[in-house]
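Text of model.cif (mmCIF, C-alpha atoms) as supplied:
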data_final
loop_
_atom_site.label_atom_id
_atom_site.label_comp_id
_atom_site.auth_asym_id
_atom_site.auth_seq_id
_atom_site.Cartn_x
_atom_site.Cartn_y
_atom_site.Cartn_z
CA MET A 30 120.17 -61.29 14.22
CA MET A 31 121.28 -58.36 12.05
CA GLU A 32 122.27 -56.23 15.04
CA ALA A 33 124.17 -59.02 16.78
CA ASP A 34 125.95 -60.01 13.56
CA ILE A 35 127.28 -56.55 12.76
CA ASN A 36 128.36 -56.08 16.37
CA ASP A 37 130.17 -59.45 16.33
CA VAL A 38 132.02 -58.52 13.14
CA LEU A 39 132.95 -55.01 14.27
CA GLY A 40 133.89 -56.14 17.78
CA SER A 41 134.10 -54.07 20.93
CA ASN A 42 135.22 -51.00 18.96
CA ALA A 43 131.81 -50.79 17.29
CA SER A 44 130.06 -47.54 17.96
CA GLY A 45 127.11 -45.80 16.41
CA SER A 46 123.62 -46.75 15.46
CA PHE A 47 122.52 -49.97 13.81
CA LYS A 48 122.14 -48.08 10.54
CA SER A 49 125.53 -46.38 10.71
CA LYS A 50 127.36 -49.62 11.56
CA TRP A 51 125.83 -51.52 8.67
CA THR A 52 126.14 -48.64 6.20
CA LYS A 53 129.80 -48.09 7.10
CA PHE A 54 130.53 -51.82 6.82
CA LEU A 55 128.79 -52.13 3.46
CA LYS A 56 130.41 -49.03 1.97
CA SER A 57 133.89 -49.79 3.30
CA ASN A 58 133.67 -53.23 1.72
CA GLY A 59 132.61 -52.04 -1.72
CA ALA A 60 128.87 -52.69 -1.63
CA SER A 61 127.13 -51.73 -4.84
CA SER A 62 124.16 -49.37 -4.89
CA LYS A 63 121.94 -52.45 -5.30
CA GLU A 64 123.46 -54.03 -2.17
CA LEU A 65 123.08 -50.78 -0.24
CA GLY A 66 119.45 -50.74 -1.41
CA TYR A 67 118.89 -54.22 0.02
CA PHE A 68 120.00 -52.99 3.42
CA ASP A 69 117.89 -49.83 3.14
CA ASN A 70 114.81 -51.92 2.36
CA TYR A 71 115.45 -54.09 5.40
CA LEU A 72 116.19 -51.08 7.59
CA ASN A 73 113.10 -49.13 6.60
CA ASN A 74 110.60 -51.97 6.38
CA ILE A 75 111.62 -54.45 9.07
CA TYR A 76 113.88 -52.64 11.50
CA LYS A 77 112.01 -49.32 11.61
CA LYS A 78 108.43 -50.42 10.89
CA ILE A 79 108.35 -53.65 12.90
CA ARG A 80 111.32 -54.17 15.23
CA ILE A 81 111.70 -50.70 16.74
CA PRO A 82 107.96 -50.11 17.40
CA THR A 83 107.67 -53.58 18.92
CA VAL A 84 110.84 -53.73 20.99
CA HIS A 85 111.25 -50.05 21.88
CA ALA A 86 107.65 -48.91 21.78
CA PRO A 87 106.90 -45.57 23.42
CA ASP A 88 104.58 -46.13 26.35
CA ARG A 89 104.83 -49.87 25.53
CA LYS A 90 102.02 -49.62 22.97
CA GLY A 91 103.74 -51.90 20.50
CA LEU A 92 103.23 -52.11 16.78
CA THR A 93 100.56 -49.83 15.40
CA ASN A 94 101.11 -50.45 11.68
CA VAL A 95 99.49 -53.87 11.35
CA ASP A 96 99.80 -53.73 7.55
CA ALA A 97 103.55 -54.18 8.04
CA LEU A 98 102.84 -57.66 9.39
CA ARG A 99 101.33 -58.99 6.18
CA PHE A 100 103.31 -62.08 5.27
CA PRO A 101 104.29 -60.97 1.74
CA PHE A 102 105.68 -57.68 3.09
CA VAL A 103 107.65 -59.37 5.87
CA HIS A 104 108.89 -62.14 3.56
CA GLU A 105 110.14 -59.72 0.91
CA ASN A 106 111.95 -57.45 3.34
CA ILE A 107 113.46 -60.21 5.49
CA LYS A 108 114.91 -61.46 2.20
CA TYR A 109 116.69 -58.13 1.73
CA GLY A 110 118.12 -58.40 5.24
CA TRP A 111 119.30 -61.89 4.35
CA TYR A 112 121.02 -60.51 1.25
CA SER A 113 122.91 -58.05 3.47
CA PHE A 114 123.85 -60.89 5.82
CA VAL A 115 125.22 -62.89 2.88
CA PHE A 116 127.27 -59.84 1.87
CA LEU A 117 128.69 -59.75 5.40
CA LEU A 118 129.49 -63.49 5.32
CA ASN A 119 131.20 -63.13 1.96
CA ILE A 120 133.50 -60.47 3.41
CA VAL A 121 134.16 -62.19 6.74
CA ASP A 122 134.60 -65.70 5.31
CA ASP A 123 136.18 -64.56 2.02
CA SER A 124 133.52 -66.47 0.11
CA LYS A 125 131.51 -65.74 -2.99
CA MET A 126 127.97 -66.83 -2.19
CA ASP A 127 125.26 -65.49 -4.46
CA CYS A 128 122.65 -63.88 -2.20
CA GLU A 129 119.68 -64.92 -4.34
CA GLU A 130 120.87 -68.51 -4.66
CA ASN A 131 121.61 -68.64 -0.94
CA TRP A 132 118.11 -67.29 -0.15
CA GLU A 133 116.64 -70.11 -2.27
CA ILE A 134 118.66 -72.74 -0.39
CA MET A 135 117.98 -71.23 3.03
CA SER A 136 114.27 -70.86 2.34
CA ASN A 137 113.35 -73.94 0.35
CA GLN A 138 115.77 -76.53 1.67
CA ALA A 139 116.74 -75.47 5.17
CA HIS A 140 113.42 -74.07 6.38
CA GLY A 141 110.77 -75.35 3.98
CA ILE A 142 109.52 -71.82 3.27
CA PRO A 143 109.07 -70.82 -0.35
CA ALA A 144 111.80 -68.47 -1.55
CA GLN A 145 109.26 -66.77 -3.81
CA ILE A 146 105.63 -66.34 -2.87
CA ASP A 147 102.54 -65.35 -4.75
CA GLU A 148 101.03 -62.37 -2.95
CA GLU A 149 97.56 -63.44 -4.08
CA ASP A 150 97.86 -66.48 -1.80
CA TYR A 151 97.96 -64.15 1.20
CA PRO A 152 94.87 -61.96 1.43
CA ASP A 153 95.05 -58.37 2.59
CA TYR A 154 92.74 -58.57 5.58
CA GLY A 155 92.41 -54.80 5.68
CA SER A 156 90.68 -54.81 2.32
CA ILE A 157 88.24 -57.56 3.30
CA THR A 158 87.53 -56.47 6.89
CA GLY A 159 84.04 -55.25 6.02
CA GLN A 160 83.14 -58.60 4.45
CA LEU A 161 84.52 -60.50 7.45
CA ASN A 162 82.59 -58.31 9.90
CA LYS A 163 79.38 -58.77 7.92
CA LYS A 164 79.79 -62.57 7.88
CA HIS A 165 80.51 -62.50 11.60
CA LEU A 166 77.44 -60.41 12.39
CA ASP A 167 75.23 -62.40 10.00
CA TYR A 168 76.27 -65.60 11.77
CA PHE A 169 75.41 -64.24 15.22
CA ASN A 170 72.17 -62.66 14.02
CA GLU A 171 71.16 -66.01 12.53
CA LYS A 172 71.80 -67.75 15.89
CA SER A 173 69.69 -65.29 17.90
#
Is it possible to express this structure as structure tokens?
Amino acid sequence: MMEADINDVLGSNASGSFKSKWTKFLKSNGASSKELGYFDNYLNNIYKKIRIPTVHAPDRKGLTNVDALRFPFVHENIKYGWYSFVFLLNIVDDSKMDCEENWEIMSNQAHGIPAQIDEEDYPDYGSITGQLNKKHLDYFNEKS
């Protein structure tokens, strides 16, 4: 969505990379350092760590950093992309939406996804892999 949105706003004269288009748009429209940081978080943690390796994977290997797919990580960084999108809408539509309030509405009301999550509710499977493997092997050893 982020790539299509910036291209739609900039039109056929848009040139440059995804990063340069968004950065130029944000800066030319008075984005604060906090707002620039939101985009950087999205860029580095969703676009570069998940989207690019999945969509443009060398040798079609796909994503190799599975830790990037942990729900809390994805949730937090998609939120930052959403904040950048709200900034864009505020400029294009001459509105004054609050990005955090809009995230709450979009998450809780429109999609039924909590706007804030407790990371403890989502286990880090990497840290419990050994325990899961042991349970798995114990189960099969018990059956044999």
Atom CA of A:Leu161 to atom CA of A:Ile107: how many Å, to one decimal?
29.0 Å
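Take the candidates A:Tyr168, A:Phe116, A:Phe47, A:Phe102 and check each one against A:Leu72 using only C-alpha atoms; the shortest distance goes to A:Phe47.
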Nearest to A:Asn70 by atom-to-atom distance, counting only C-alpha atoms, from A:Lys164, A:Lys125, A:Lys108, A:Lys172
A:Lys108
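Remark: for A:Ile35, the closest of the candidate residues A:Gly110, A:Gly159, A:Pro152, A:Pro143 is A:Gly110 (distances computed over only C-alpha atoms).
Straight-line separation from atom CA of A:Tyr112 to atom CA of A:Cys128: 5.1 Å.
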Name the residues captured by the PyMOL selection byres ((chain A and resi 149-151) around 10) when it is applied to the shown file; answer as a list in words.
Arg99, Phe100, Pro101, Ile146, Asp147, Glu148, Pro152, Asp153 and Tyr154 of chain A
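Between A:Phe54 and the residues A:Leu166, A:Leu118, A:Ile142, A:Val103, the shortest atom-to-atom distance, using only C-alpha atoms, involves A:Leu118.
Going from atom CA of A:Leu98 over to atom CA of A:Tyr76, you cover 12.3 Å.
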